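Contents: one structure, followed by commentary.
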Amino acid sequence: MAAGPARIRRMKLHFGRREKITDLAEPAWGLSRYAFDQLLLDHALALGSQLGRDFDSEPTVIACGRQIADATRSRRLFGFKAHFDGPADDAVELFFFDQCYVGLNSVEGGRTNVCGLGPEDVLKRFHFDYDAVVAQSPALTARLKPLSRSMKWLSTGPLRFHQNFERGVSYLAGDALSFVDPFTGTGLVAAVKTGSLAGVAAARNTPVANYLSQCRAQLKQPFEVASLLRKAVNAGWADHLAGLIPGRMLFALTRPRR
């Protein structure tokens, strides 16, 4: 609470001129990834953890190592992100257009986090100028009009959505275990959940296979639903499906199981 997170109460989906608005089952807090990571790091250090980069032995828990895409060059996916200053809103919003999508939500300090994803051939048409990319959506352009970008665009990729439940010697967590399509908004949720499970498993010396089975039971459905939704987006069916599926059900289907 001292970090001053934004309050998120609604979800908005934009497909061209079509808009779907749903109240969240329970309010959420909007924090930037940097602020959230800093809170976790400070807490870990306060509990006696040691921060370092070089270790003599294989780490017990591996939470980094997102896989690089092996798709054909034109179909590779890239993500982009920036913070904007201006009026805040209590909704998390998603804008779908031209095989791309952009999500935004308010975070601490009155800022708005804007992040998107698109295929390489589309982004290349605009020379990876993300201001030009987001301008292709009239609804998104209108939403960003009262805001001003406060940092350079960050870009990452190529991205590959995957899950790795193969038995190994380390406890995989976060993106190293499951990298789900970001439009579901479950990346950080899954990272915290699997990181917590991995820490408990390591402390209790739980067999890695047992830990992975527990993670599979919680993360398999959201990954499969996200895969289906991505195919629907690419095929241009997402707006029709969104009209048929209740917003709260769509939200629940992409959450890790408790």
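We name chains A, B, ... following the order of the structure tokens; residues begin at 1 in each chain, and ligands are numbered from 1 as shown.
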I want to know what sits within 7 Å of Asn113 of chain A, based on only C-alpha atoms, with residues of the same chain fewer than 5 positions away left out; could you give that as a list of chain:residue names? A:Ala82, A:His83, A:Phe84, A:Leu104, A:Asn105, A:Ser106, A:Val107
Could you pull out the residues in segment 9-124 of chain A that DSSP calls strand (DSSP E or B) from the backbone, as a ChimeraX atom specification? /A:9-15,18-30,61-62,68,77-85,91-97,100-106,111-119
Could you pull the residues within 10 Å of Leu144 of chain A, counting only C-alpha atoms, minus those fewer than 2 positions along the same chain, as a ChimeraX atom specification? /A:84-87,104,112,114,134-135,138-142,146-149
Residues of segment 142-206 of chain A in helix (DSSP H, G or I) according to DSSP, as a ChimeraX atom specification? /A:142-144,174-176,182-184,187-204
Go ahead and save the picked residues with N, CA and C atoms, as a JSON list (two decimals), in the first residue's frame.
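Now in selection_32.json:
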```json
[["chain", "number", "residue", "atom", "x", "y", "z"],
["A", 142, "ALA", "N", -7.70, 7.16, -29.35],
["A", 142, "ALA", "CA", -8.55, 8.03, -28.54],
["A", 142, "ALA", "C", -8.25, 7.86, -27.05],
["A", 143, "ARG", "N", -7.99, 6.61, -26.65],
["A", 143, "ARG", "CA", -7.70, 6.33, -25.24],
["A", 143, "ARG", "C", -6.38, 6.97, -24.81],
["A", 144, "LEU", "N", -5.39, 6.99, -25.70],
["A", 144, "LEU", "CA", -4.07, 7.52, -25.35],
["A", 144, "LEU", "C", -3.97, 9.03, -25.56],
["A", 174, "GLY", "N", 7.97, -19.50, -12.94],
["A", 174, "GLY", "CA", 7.83, -18.32, -13.78],
["A", 174, "GLY", "C", 7.89, -18.64, -15.26],
["A", 175, "ASP", "N", 8.51, -17.74, -16.03],
["A", 175, "ASP", "CA", 8.58, -17.92, -17.49],
["A", 175, "ASP", "C", 9.36, -19.16, -17.89],
["A", 176, "ALA", "N", 10.29, -19.60, -17.06],
["A", 176, "ALA", "CA", 11.05, -20.81, -17.38],
["A", 176, "ALA", "C", 10.16, -22.04, -17.40],
["A", 182, "PRO", "N", 0.52, -12.99, -23.12],
["A", 182, "PRO", "CA", 0.33, -11.90, -22.15],
["A", 182, "PRO", "C", -1.07, -11.31, -22.10],
["A", 183, "PHE", "N", -1.89, -11.44, -23.17],
["A", 183, "PHE", "CA", -3.20, -10.78, -23.11],
["A", 183, "PHE", "C", -4.10, -11.38, -22.04],
["A", 184, "THR", "N", -3.76, -12.56, -21.51],
["A", 184, "THR", "CA", -4.55, -13.13, -20.42],
["A", 184, "THR", "C", -4.29, -12.43, -19.10],
["A", 187, "GLY", "N", 0.63, -13.72, -16.46],
["A", 187, "GLY", "CA", 2.06, -13.97, -16.36],
["A", 187, "GLY", "C", 2.60, -13.78, -14.96],
["A", 188, "LEU", "N", 2.31, -12.62, -14.37],
["A", 188, "LEU", "CA", 2.82, -12.32, -13.03],
["A", 188, "LEU", "C", 2.13, -13.19, -11.98],
["A", 189, "VAL", "N", 0.83, -13.47, -12.19],
["A", 189, "VAL", "CA", 0.11, -14.34, -11.26],
["A", 189, "VAL", "C", 0.77, -15.72, -11.22],
["A", 190, "ALA", "N", 1.03, -16.28, -12.42],
["A", 190, "ALA", "CA", 1.64, -17.61, -12.49],
["A", 190, "ALA", "C", 3.06, -17.59, -11.94],
["A", 191, "ALA", "N", 3.78, -16.50, -12.16],
["A", 191, "ALA", "CA", 5.16, -16.41, -11.67],
["A", 191, "ALA", "C", 5.19, -16.42, -10.14],
["A", 192, "VAL", "N", 4.30, -15.64, -9.52],
["A", 192, "VAL", "CA", 4.26, -15.60, -8.05],
["A", 192, "VAL", "C", 3.81, -16.95, -7.49],
["A", 193, "LYS", "N", 2.79, -17.53, -8.12],
["A", 193, "LYS", "CA", 2.27, -18.80, -7.63],
["A", 193, "LYS", "C", 3.32, -19.91, -7.73],
["A", 194, "THR", "N", 3.95, -20.05, -8.91],
["A", 194, "THR", "CA", 4.95, -21.12, -9.07],
["A", 194, "THR", "C", 6.21, -20.83, -8.28],
["A", 195, "GLY", "N", 6.56, -19.55, -8.14],
["A", 195, "GLY", "CA", 7.72, -19.21, -7.32],
["A", 195, "GLY", "C", 7.51, -19.62, -5.87],
["A", 196, "SER", "N", 6.29, -19.38, -5.37],
["A", 196, "SER", "CA", 5.96, -19.76, -4.00],
["A", 196, "SER", "C", 5.97, -21.28, -3.84],
["A", 197, "LEU", "N", 5.36, -21.97, -4.81],
["A", 197, "LEU", "CA", 5.34, -23.44, -4.76],
["A", 197, "LEU", "C", 6.75, -24.02, -4.83],
["A", 198, "ALA", "N", 7.58, -23.42, -5.70],
["A", 198, "ALA", "CA", 8.95, -23.91, -5.86],
["A", 198, "ALA", "C", 9.76, -23.72, -4.58],
["A", 199, "GLY", "N", 9.55, -22.58, -3.92],
["A", 199, "GLY", "CA", 10.27, -22.32, -2.67],
["A", 199, "GLY", "C", 9.90, -23.33, -1.59],
["A", 200, "VAL", "N", 8.61, -23.61, -1.46],
["A", 200, "VAL", "CA", 8.16, -24.60, -0.48],
["A", 200, "VAL", "C", 8.68, -25.98, -0.83],
["A", 201, "ALA", "N", 8.61, -26.34, -2.13],
["A", 201, "ALA", "CA", 9.08, -27.67, -2.56],
["A", 201, "ALA", "C", 10.57, -27.84, -2.29],
["A", 202, "ALA", "N", 11.34, -26.77, -2.57],
["A", 202, "ALA", "CA", 12.79, -26.86, -2.33],
["A", 202, "ALA", "C", 13.10, -26.99, -0.85],
["A", 203, "ALA", "N", 12.36, -26.23, -0.02],
["A", 203, "ALA", "CA", 12.59, -26.29, 1.43],
["A", 203, "ALA", "C", 12.26, -27.65, 2.00],
["A", 204, "ARG", "N", 11.26, -28.32, 1.43],
["A", 204, "ARG", "CA", 10.83, -29.62, 1.92],
["A", 204, "ARG", "C", 11.47, -30.78, 1.17]]
```
As a ChimeraX atom specification, please: the residues near Ile8 of chain A (cut-off 10 Å, only C-alpha atoms, same-chain neighbours under 6 positions excluded). /A:23-24,26-30,89-92,105-107
Those residues with N, CA and C atoms, as an mmCIF file, in the first residue's frame please?
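Output saved as again_26.cif:
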```cif
data_model
loop_
_atom_site.group_PDB
_atom_site.id
_atom_site.type_symbol
_atom_site.label_atom_id
_atom_site.label_comp_id
_atom_site.auth_asym_id
_atom_site.auth_seq_id
_atom_site.Cartn_x
_atom_site.Cartn_y
_atom_site.Cartn_z
ATOM 1 N N ASP A 23 -17.343 -5.875 -14.925
ATOM 2 C CA ASP A 23 -16.782 -5.634 -13.596
ATOM 3 C C ASP A 23 -15.993 -6.858 -13.165
ATOM 4 N N LEU A 24 -14.837 -6.645 -12.558
ATOM 5 C CA LEU A 24 -14.058 -7.761 -12.039
ATOM 6 C C LEU A 24 -14.754 -8.373 -10.833
ATOM 7 N N GLU A 26 -13.501 -9.274 -8.144
ATOM 8 C CA GLU A 26 -12.999 -8.564 -6.986
ATOM 9 C C GLU A 26 -11.977 -7.539 -7.475
ATOM 10 N N PRO A 27 -11.890 -6.382 -6.841
ATOM 11 C CA PRO A 27 -10.957 -5.342 -7.298
ATOM 12 C C PRO A 27 -9.513 -5.826 -7.242
ATOM 13 N N ALA A 28 -8.678 -5.248 -8.097
ATOM 14 C CA ALA A 28 -7.264 -5.593 -8.150
ATOM 15 C C ALA A 28 -6.427 -4.338 -7.919
ATOM 16 N N TRP A 29 -5.123 -4.540 -7.727
ATOM 17 C CA TRP A 29 -4.199 -3.436 -7.555
ATOM 18 C C TRP A 29 -3.282 -3.359 -8.772
ATOM 19 N N GLY A 30 -3.045 -2.147 -9.257
ATOM 20 C CA GLY A 30 -2.153 -1.949 -10.394
ATOM 21 C C GLY A 30 -0.789 -1.456 -9.941
ATOM 22 N N ASP A 89 -7.407 5.515 -14.906
ATOM 23 C CA ASP A 89 -8.706 4.878 -15.086
ATOM 24 C C ASP A 89 -8.734 3.621 -14.228
ATOM 25 N N ASP A 90 -9.935 3.157 -13.868
ATOM 26 C CA ASP A 90 -10.037 1.984 -12.994
ATOM 27 C C ASP A 90 -10.246 0.693 -13.777
ATOM 28 N N ALA A 91 -9.951 0.696 -15.093
ATOM 29 C CA ALA A 91 -10.148 -0.495 -15.920
ATOM 30 C C ALA A 91 -8.833 -0.989 -16.500
ATOM 31 N N VAL A 92 -8.722 -2.308 -16.627
ATOM 32 C CA VAL A 92 -7.664 -2.895 -17.430
ATOM 33 C C VAL A 92 -8.272 -3.085 -18.816
ATOM 34 N N ASN A 105 -3.209 -0.447 -18.243
ATOM 35 C CA ASN A 105 -3.842 -0.293 -16.931
ATOM 36 C C ASN A 105 -3.053 0.711 -16.118
ATOM 37 N N SER A 106 -3.713 1.342 -15.187
ATOM 38 C CA SER A 106 -3.062 2.321 -14.323
ATOM 39 C C SER A 106 -2.177 1.608 -13.310
ATOM 40 N N VAL A 107 -1.051 2.251 -12.967
ATOM 41 C CA VAL A 107 -0.138 1.717 -11.959
ATOM 42 C C VAL A 107 0.145 2.826 -10.942
#
```
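For the choices A:Lys81, A:Lys220, A:Lys124, A:Arg75, the atom-to-atom distance to Pro158 of chain A is smallest for A:Arg75 when using only C-alpha atoms.
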Nearest to Ile21 of chain A among A:Ala2, A:Ser49, A:Asp37, A:Glu93, with distances taken over only C-alpha atoms: which residue is it? A:Glu93
